[in-house]
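Visitor: Got a structure for you, questions after.
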Amino acid sequence: MSTPSRTPTSSPSPRPASVATAPGPTRHRPVRGRPRLRTSYAQDLALLNTPAKRRSTIALVVVSFLVPFLVTDDLLLVFTLGLIASVGTIGLNLVTGYAGQVSLGHAFFIGVGAYTGAILGGSEDASVVGYGLPMLVWLPAAGLVAALLGALVGPIAVRLRGLYLAIVTLGLVFLGDHVFREADSLTGGPGVGRRGAQLEILGIDFNASGMLLGLEISRAQRQFFLALVFLIVFAVLARNLTRSGVGRAFAAVRDRDVAAEVIGIDITRTKMLAFALSSFFAGVTGAMYYAVIGVFEPGAFGLLLSVQYLAMVLIGGVATISGSIMGALFITALPRISQELAHVVPFISESATGGGLLSVFQLEAILYGLLIVGFLIFEPRGLYGIWLRIRNYWKGWPFSY
Amino acid sequence: MSSSSLVAAGGARTSWTPESTLPRRVREHARSTPDRVTLREKNLGVWEEVTCAGYWDSAVLVGHALLALGTGVGDRVAVHSENRREWLYADIGTVAIRAVTVGLYPTNPAAEVLHVLRDSGAAVLIAEDQEQVDKALEVVDDLPDLRHIVYIEPRGITGRYTDRRLMSWEEFLALGAAHRSEHPGAVDRLVDEAEPGDVATLVYTSGTTGPPKGAMLTIANIEFATSIFRQEGSGFVTATPKDLIVSYLPLCHVAERAFTVWLNAASGTQVNFAESIDTVQQALRDVQPTIVFGVPRIWEKIVAGVHIRMSGASRLKRANFALWLKAADWIGSTLVANRGRHTLATRLVYAVGWLVLYRPLRERLGLGKARYAASGAAPIAPEVLKFFMGIGVPMHEVYGMTENSAIATGNRPGRVVLGTVGEPQVGTELRLDEQTGEVLTRHPGTFAGYWRNPEATAKTIDADGWLRTGDVGEWVDGTHLRITDRIKDIIITAGGKNIAPSEIENHLKASPYIKEAIVIGDRRKYLTALIGIELDTVGEWAQRQRIPFTTYRDLSEKSEVRKLVQGIVDETNRRFAEVETIKRFALLPKQLDHEDGELTATQKVKRSAIADQFAELIEGLYSETVGAGR
């Protein structure tokens, strides 16, 4: 029922100024037990718009919080790093997956974040600077500094596309690498390194073991919880971002930036925002990741790290949040997986110098390559695509479509 | 057996007086539970809700608007629209001011629109959109009584049409608002003045034989029907405000009107309207109604759709479906033997099947929460009912017609006899004519007569108030009624055998590949059939068999398709006696259509029209030497 059109001609019947229409919808409460009966668009757009999604998300979070009590501490550290890397992957996915701007410079932003965090939050010693500020300061600061640098890249992306943009961002990595190596007083210099920031928030020290809330909780367990909360916060943030206007603008720019501009999207602003947001995620990841690792040195932020994050995005799933998490967890666990494989497969030695056909490190490198090639050929949508196929198989039950 | 008169408890005909009217009931809901959602309509992807108070308010506004247009007591107001909220506002608003609602089928071509509007002498027409307005304007010169045409959807009309009679729904309601402020309470007064004998609606019969006749249903008739809905154990389901239904069949048909408007007024059910007739499947999935009414064609189509989609499923899913369908068949048979009640074994099998097939299947069909499903308005093949019973949809065949306010018999939950239309409803007297076996009913819901047609009325209601239904029936187990066929359709072969064609036809139509079957053989040596294939399923089948085809006609002329149909015909023949077997058949070269006059608005086959249209085809079945036509 729309109001009469504005055509002025030939309507003899009286058209009153105030048009009384039938009382329309009055309330927007969802109908119990009928999730598909959507009475407002808000229900349609909700983050968890079906009971199945609600239930499985709650179950997943509960299980995640139980993980530290089920696995050993050394494995837990792998998960912890995977969770933190997930945030960085989500960041790269925002700019590369959602906004379609290929970035090889992710390692640079992670490095910037790592050093900002370490300088602001680390303790001062003989060779390096450190201010020992609380985590509530150094964590956002690490993100903001990286974001600022990211925003500077944005305008370049407006002029360049695809391969050219990739090369430019690659340049960033080399610039960063050089600066990190030379700034001894900040980074400790190559081969020496420095300690990361202090992980302490709300009076809880995440580098110590001991009683917490009446439970004996080890250092690894504490760090896992911290990383889990960290990931949940940033994952929800990113998810909300991508389903809002900003996310849709990203997708529009990705699909065709000229067309996006025609429908009124400010390309410069959007691309800058994409790089800034992505870099913010990278910055906080860098600060957190190396705070958990402990000592790190400037060589860590080379091209390899960028490629590693790209691999996480590709294997996890381009332009998906949950895919980013899956990819990050998988790639961080890859060294551990190849180690476990070495126990089972006879011709793989566990040390770099030992006998056998392959060392674990070679195996890892080979797996890397195979996985990337394999995923690109067989499942370009990544791990998320595999999950999607499984889900659709059951969702369609008992039909196939 | 045939002459036994059966009076169920609860009603001598004379002592029954209506307690309320439809508008009063709607008003009552609005006063007692104003904020409860009672109507929903999907628009632009969102289900818009209307509360009880909103429903009544809109109906009152329509009533005032009609008064403002000079509609008086007993005047006819026609509604020509798909199912939507405005249909209900118009219906209740019209009855509220003691006028008479006349419904038209949205598929009615202009000629039938002319017939119904002229016959009823409608003063106001509420048309849905440009399509319906065009039909009315095409014949408007022959309609002297028609003073106003209100259109609901302005698209294509505003600014382009200049007819003085046209008015938009908004303008119409604005008139009502103005009238209400001038004469507050005018509609309420008329609602209170309404008398049981007032004609509330004219329901035009589908007219398989002649032009449609308008059956007058009075307030008392409708009240009797609603009293059946409200009564526990009456044979229909006892609905509550928690029940949801999807309204999708034409509202001008008495069955849908009963399930939508009357049931809502009686019990406060929540009525849901789909975005359009094409999205009904989607709407069913969204709403998951608890009470579902369908005509056989709908149920057959659902079964056919399941088979099509299943044939495209992966191997494992097909195997799962086949296994559990077999189980469902067994459950269905056991239920049938047990009158619709479960045994321990069926419960166990059903529980496992529920997990792997029945629950997801029902959910996909929109029948996941169905606690009562009914089929009526035409005969249905028992196989189709059994399919639904097997997958856990409590399916009941009911029987009734326009002339008895859709109230005659129904299968009661737990007392289902498959192949019958159930037991007489509470308060319904039902007997079979001694000579012809025709079903006769008598109850307060028997209509007041045909509009301006006393001869037809006299032929239908006898002096004692018995209604001649025109259906031949017989008793099963002494309690349940089985309808053999329409009395006019009974075939008497040249050999003098009486044959009910609909039984054979329904057997054929139970196959997902067959949409239409018309058995022929009156005063002939043997039976033949015209068969129309179901384009969707046969098309899918042909694709899988790698048979290329272009059009419906091309497909039905393929020898492989003939062979496929032959198999179904042979299968059916095995179930019937020798004289009842179909010796030869022809495939219809086109899909039967309402526009071409081959089907009624309710998709019933007009036999006489078919006999004319395909005379050559039929003669071919009898004249050629046997075997040549195959």
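In the structure tokens, the first chain shown is A, the next is B, and so on; residue numbers restart at 1 for each chain, and ligands run from 1 in the order shown.
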Can you build me a table of region 393-472 of chain B residues sitting at most 12 Å from region 342-355 of chain B, with the closest atom pair per residue and its distance in Å to one decimal, using only C-alpha atoms, sorted by chain and residue number, as JSON lines?
Guide:
```
{"residue": "B:Val393", "atom": "CA", "partner": "B:Trp354", "partner_atom": "CA", "distance": 11.5}
{"residue": "B:Pro394", "atom": "CA", "partner": "B:His342", "partner_atom": "CA", "distance": 11.1}
{"residue": "B:Pro413", "atom": "CA", "partner": "B:His342", "partner_atom": "CA", "distance": 11.5}
{"residue": "B:Gly414", "atom": "CA", "partner": "B:His342", "partner_atom": "CA", "distance": 8.8}
{"residue": "B:Arg415", "atom": "CA", "partner": "B:His342", "partner_atom": "CA", "distance": 11.5}
{"residue": "B:Val416", "atom": "CA", "partner": "B:His342", "partner_atom": "CA", "distance": 11.7}
```
Visitor: Tell me, as a list in words, which residues lie within 6 Å of region 475-489 of chain B, counting only C-alpha atoms; anything in the same chain fewer than 6 positions away does not count.
Guide: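 Near neighbours after the sequence-gap exclusion: Thr420, Val421, Gly422, Glu423 and Ala500 of chain B.
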Visitor: Enumerate as a VMD selection string the residues belonging to chain B that approach chain A to within 6 Å, with only C-alpha atoms taken into account.
Guide: chain B and resid 46 to 50 54 58 159 162 174 286 to 287 310 313
Visitor: Can you write out the residues you just picked, keeping N, CA and C atoms, as a CSV table (one decimal), in the first residue's frame?
Guide:
```
chain,number,residue,atom,x,y,z
B,46,VAL,N,9.2,-8.8,4.9
B,46,VAL,CA,9.0,-8.7,6.4
B,46,VAL,C,7.5,-9.0,6.7
B,47,TRP,N,7.3,-9.8,7.7
B,47,TRP,CA,5.9,-10.1,8.1
B,47,TRP,C,5.3,-8.9,8.9
B,48,GLU,N,4.5,-8.2,8.3
B,48,GLU,CA,3.8,-7.0,9.0
B,48,GLU,C,2.7,-7.6,9.8
B,49,GLU,N,2.6,-7.1,11.0
B,49,GLU,CA,1.6,-7.7,11.9
B,49,GLU,C,0.4,-6.7,12.2
B,50,VAL,N,-0.7,-7.3,12.3
B,50,VAL,CA,-1.9,-6.5,12.7
B,50,VAL,C,-2.5,-7.1,13.9
B,54,GLY,N,-6.3,-3.5,15.6
B,54,GLY,CA,-6.1,-2.9,14.3
B,54,GLY,C,-7.0,-3.5,13.3
B,58,SER,N,-9.7,-1.3,11.2
B,58,SER,CA,-9.7,-1.2,9.8
B,58,SER,C,-11.1,-1.6,9.2
B,159,GLY,N,-3.5,8.3,-12.1
B,159,GLY,CA,-3.0,9.2,-13.1
B,159,GLY,C,-3.2,8.7,-14.5
B,162,THR,N,-9.2,7.3,-15.9
B,162,THR,CA,-10.1,8.5,-15.7
B,162,THR,C,-11.5,8.1,-15.3
B,174,ALA,N,-10.1,7.2,3.7
B,174,ALA,CA,-10.3,8.6,4.2
B,174,ALA,C,-11.7,9.0,4.3
B,286,ASP,N,8.1,-20.3,6.4
B,286,ASP,CA,8.3,-19.2,7.4
B,286,ASP,C,7.4,-19.4,8.5
B,287,VAL,N,6.1,-19.6,8.2
B,287,VAL,CA,5.1,-19.6,9.2
B,287,VAL,C,5.0,-20.9,10.0
B,310,MET,N,13.7,-34.9,-4.7
B,310,MET,CA,14.4,-36.0,-4.2
B,310,MET,C,15.2,-36.7,-5.4
B,313,ALA,N,18.6,-35.4,-5.7
B,313,ALA,CA,19.4,-35.4,-4.5
B,313,ALA,C,20.6,-36.4,-4.6
```
Visitor: Output as number ranges by chain all residues of region 293-378 of chain A that backbone DSSP marks as strand (DSSP E or B).
Guide: A: 295-296, 348-349, 358-359
Visitor: So that I can check the surroundings of Gly121 (chain A), please list as a ChimeraX atom specification every protein, DNA and RNA residue that reaches within 7 Å of it, counting only C-alpha atoms and ignoring chain neighbours fewer than 2 positions away.
Guide: /A:117-119,123,130-135,138,197-198
Visitor: Using the selection just defined, write its residues with N, CA and C atoms as a short mmCIF file (atom, residue, chain, number, x, y, z; two decimals), in the first residue's frame.
Guide:
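This is the output file again_21.cif:
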```cif
data_model
loop_
_atom_site.label_atom_id
_atom_site.label_comp_id
_atom_site.auth_asym_id
_atom_site.auth_seq_id
_atom_site.Cartn_x
_atom_site.Cartn_y
_atom_site.Cartn_z
N GLY A 117 54.03 -1.54 21.16
CA GLY A 117 53.63 -2.19 22.40
C GLY A 117 54.81 -2.42 23.31
N ALA A 118 55.91 -2.90 22.73
CA ALA A 118 57.08 -3.24 23.54
C ALA A 118 57.68 -1.99 24.16
N ILE A 119 57.72 -0.91 23.38
CA ILE A 119 58.34 0.33 23.90
C ILE A 119 57.48 0.92 25.01
N SER A 123 59.67 -3.06 29.94
CA SER A 123 60.47 -2.43 30.99
C SER A 123 61.80 -1.96 30.38
N GLY A 130 61.98 1.66 27.26
CA GLY A 130 60.73 1.07 27.67
C GLY A 130 60.08 1.93 28.72
N TYR A 131 58.75 2.13 28.63
CA TYR A 131 58.09 3.04 29.57
C TYR A 131 57.27 2.32 30.62
N GLY A 132 57.05 1.02 30.44
CA GLY A 132 56.33 0.23 31.44
C GLY A 132 54.91 0.70 31.69
N LEU A 133 54.25 1.23 30.65
CA LEU A 133 52.87 1.69 30.81
C LEU A 133 51.93 0.49 30.90
N PRO A 134 50.73 0.68 31.47
CA PRO A 134 49.79 -0.45 31.59
C PRO A 134 49.26 -0.90 30.22
N MET A 135 48.70 -2.10 30.21
CA MET A 135 48.22 -2.70 28.97
C MET A 135 47.10 -1.88 28.33
N TRP A 138 49.11 0.57 26.24
CA TRP A 138 49.95 0.14 25.12
C TRP A 138 49.22 -0.65 24.06
N ALA A 197 55.91 -6.43 25.64
CA ALA A 197 55.25 -5.66 26.70
C ALA A 197 54.86 -6.57 27.86
N GLN A 198 54.57 -5.92 28.99
CA GLN A 198 54.11 -6.66 30.17
C GLN A 198 52.63 -7.01 30.02
#
```
Visitor: Would you kindly return, as an NGL selection string, each protein, DNA or RNA residue with an atom no farther than 10 Å from any atom of Ala183 (chain A), considering only C-alpha atoms and excluding same-chain residues fewer than 5 positions away?
Guide: :A and (128 or 178 or 188-190 or 298)
Visitor: Pick out the residues sitting within 12 Å of Gly203 (chain A), and hand them over as a compact mmCIF listing (two decimals) with C-alpha atoms, in the first residue's frame; count only C-alpha atoms, and ignore anything fewer than 3 positions along from it in its own chain.
Guide:
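Output saved as selection.txt:
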```txt
# COMPACT_ATOMS: atom_id res chain seq x y z
CA PRO A 134 49.79 -0.45 31.59
CA MET A 135 48.22 -2.70 28.97
CA LEU A 136 45.15 -0.48 28.67
CA GLN A 198 54.11 -6.66 30.17
CA LEU A 199 50.90 -8.71 30.06
CA GLU A 200 49.11 -7.38 33.07
CA PHE A 206 49.43 -13.24 32.69
CA ASN A 207 53.05 -14.19 32.88
CA ALA A 208 52.73 -15.84 36.28
CA LEU A 212 43.07 -17.07 40.40
```
Visitor: Find the spatial neighbours of Ala300 (chain A), counting only C-alpha atoms, within a cut-off of 12 Å - ignore same-chain residues fewer than 6 positions away - and output them as JSON, numbers by chain.
Guide: {"A": [107, 108, 110, 111, 112, 114, 115, 173, 176, 177, 178, 180, 181, 187, 189, 190, 191, 192, 193, 286, 289, 290, 293, 306, 308]}
Visitor: Limited to N, CA and C atoms, could you put the picked residues into a file as a PDB file, in the first residue's frame?
Guide:
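Result written to out.pdb:
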```pdb
ATOM      1  N   ALA A 107      53.162  -7.558   7.434  1.00  0.00           N
ATOM      2  CA  ALA A 107      54.237  -7.799   8.400  1.00  0.00           C
ATOM      3  C   ALA A 107      54.753  -6.478   8.962  1.00  0.00           C
ATOM      4  N   PHE A 108      54.783  -5.455   8.117  1.00  0.00           N
ATOM      5  CA  PHE A 108      55.255  -4.148   8.554  1.00  0.00           C
ATOM      6  C   PHE A 108      54.363  -3.610   9.675  1.00  0.00           C
ATOM      7  N   ILE A 110      52.369  -5.259  11.591  1.00  0.00           N
ATOM      8  CA  ILE A 110      52.491  -6.094  12.784  1.00  0.00           C
ATOM      9  C   ILE A 110      53.750  -5.695  13.555  1.00  0.00           C
ATOM     10  N   GLY A 111      54.817  -5.426  12.782  1.00  0.00           N
ATOM     11  CA  GLY A 111      56.058  -5.009  13.426  1.00  0.00           C
ATOM     12  C   GLY A 111      55.894  -3.692  14.150  1.00  0.00           C
ATOM     13  N   VAL A 112      55.235  -2.750  13.481  1.00  0.00           N
ATOM     14  CA  VAL A 112      55.007  -1.441  14.109  1.00  0.00           C
ATOM     15  C   VAL A 112      54.259  -1.620  15.418  1.00  0.00           C
ATOM     16  N   ALA A 114      54.057  -4.347  17.243  1.00  0.00           N
ATOM     17  CA  ALA A 114      54.868  -5.085  18.204  1.00  0.00           C
ATOM     18  C   ALA A 114      55.833  -4.146  18.918  1.00  0.00           C
ATOM     19  N   TYR A 115      56.503  -3.256  18.166  1.00  0.00           N
ATOM     20  CA  TYR A 115      57.484  -2.370  18.793  1.00  0.00           C
ATOM     21  C   TYR A 115      56.814  -1.256  19.577  1.00  0.00           C
ATOM     22  N   VAL A 173      57.466  -3.417   3.539  1.00  0.00           N
ATOM     23  CA  VAL A 173      58.092  -4.461   4.343  1.00  0.00           C
ATOM     24  C   VAL A 173      59.599  -4.264   4.382  1.00  0.00           C
ATOM     25  N   GLY A 176      60.430  -1.193   6.460  1.00  0.00           N
ATOM     26  CA  GLY A 176      60.269  -1.532   7.877  1.00  0.00           C
ATOM     27  C   GLY A 176      61.425  -2.387   8.356  1.00  0.00           C
ATOM     28  N   ASP A 177      61.762  -3.372   7.558  1.00  0.00           N
ATOM     29  CA  ASP A 177      62.813  -4.301   7.938  1.00  0.00           C
ATOM     30  C   ASP A 177      64.117  -3.530   8.220  1.00  0.00           C
ATOM     31  N   HIS A 178      64.392  -2.593   7.343  1.00  0.00           N
ATOM     32  CA  HIS A 178      65.616  -1.809   7.497  1.00  0.00           C
ATOM     33  C   HIS A 178      65.571  -0.973   8.777  1.00  0.00           C
ATOM     34  N   PHE A 180      63.738  -1.356  11.453  1.00  0.00           N
ATOM     35  CA  PHE A 180      63.739  -2.179  12.663  1.00  0.00           C
ATOM     36  C   PHE A 180      65.156  -2.660  12.985  1.00  0.00           C
ATOM     37  N   ARG A 181      65.912  -2.995  11.945  1.00  0.00           N
ATOM     38  CA  ARG A 181      67.262  -3.501  12.175  1.00  0.00           C
ATOM     39  C   ARG A 181      68.198  -2.401  12.698  1.00  0.00           C
ATOM     40  N   THR A 187      64.658  -1.536  19.185  1.00  0.00           N
ATOM     41  CA  THR A 187      64.364  -2.930  18.865  1.00  0.00           C
ATOM     42  C   THR A 187      65.413  -3.905  19.392  1.00  0.00           C
ATOM     43  N   GLY A 189      68.103  -4.516  18.031  1.00  0.00           N
ATOM     44  CA  GLY A 189      68.979  -4.859  16.918  1.00  0.00           C
ATOM     45  C   GLY A 189      68.904  -6.320  16.540  1.00  0.00           C
ATOM     46  N   PRO A 190      69.387  -6.643  15.319  1.00  0.00           N
ATOM     47  CA  PRO A 190      69.303  -8.024  14.836  1.00  0.00           C
ATOM     48  C   PRO A 190      70.161  -8.974  15.672  1.00  0.00           C
ATOM     49  N   GLY A 191      69.619 -10.157  15.902  1.00  0.00           N
ATOM     50  CA  GLY A 191      70.351 -11.161  16.659  1.00  0.00           C
ATOM     51  C   GLY A 191      70.269 -10.965  18.161  1.00  0.00           C
ATOM     52  N   VAL A 192      69.819  -9.824  18.592  1.00  0.00           N
ATOM     53  CA  VAL A 192      69.703  -9.569  20.040  1.00  0.00           C
ATOM     54  C   VAL A 192      68.232  -9.526  20.464  1.00  0.00           C
ATOM     55  N   GLY A 193      67.502  -8.598  19.850  1.00  0.00           N
ATOM     56  CA  GLY A 193      66.078  -8.474  20.135  1.00  0.00           C
ATOM     57  C   GLY A 193      65.795  -7.810  21.460  1.00  0.00           C
ATOM     58  N   GLY A 286      50.297  -7.602  16.721  1.00  0.00           N
ATOM     59  CA  GLY A 286      51.746  -7.595  16.909  1.00  0.00           C
ATOM     60  C   GLY A 286      52.100  -7.411  18.373  1.00  0.00           C
ATOM     61  N   TYR A 289      50.962 -10.603  20.365  1.00  0.00           N
ATOM     62  CA  TYR A 289      51.650 -11.826  19.969  1.00  0.00           C
ATOM     63  C   TYR A 289      53.045 -11.882  20.580  1.00  0.00           C
ATOM     64  N   TYR A 290      53.801 -10.746  20.450  1.00  0.00           N
ATOM     65  CA  TYR A 290      55.183 -10.782  20.903  1.00  0.00           C
ATOM     66  C   TYR A 290      55.288 -10.576  22.402  1.00  0.00           C
ATOM     67  N   ILE A 293      55.071 -14.214  23.261  1.00  0.00           N
ATOM     68  CA  ILE A 293      56.293 -14.919  22.868  1.00  0.00           C
ATOM     69  C   ILE A 293      57.429 -14.614  23.839  1.00  0.00           C
ATOM     70  N   SER A 306      54.465 -11.758   6.084  1.00  0.00           N
ATOM     71  CA  SER A 306      53.351 -11.292   5.253  1.00  0.00           C
ATOM     72  C   SER A 306      52.736 -12.445   4.485  1.00  0.00           C
ATOM     73  N   GLN A 308      52.907 -15.513   5.220  1.00  0.00           N
ATOM     74  CA  GLN A 308      52.235 -16.413   6.156  1.00  0.00           C
ATOM     75  C   GLN A 308      50.794 -15.947   6.429  1.00  0.00           C
TER      76      GLN A 308
END
```
Visitor: Name the residues of region 44-264 of chain A that fall into alpha helix (DSSP H) according to DSSP on the backbone, using the chain letters and numbers of this document, as number ranges by chain.
Guide: A: 44-45, 51-66, 73-92, 106-121, 135-159, 162-182, 184-187, 219-242, 245-255, 257-262
Visitor: Do a neighbour search on Leu76 (chain A) at 12 Å with only C-alpha atoms, toss out local chain neighbours closer than 2 positions, and write the hits as a count of residues only.
Guide: 31
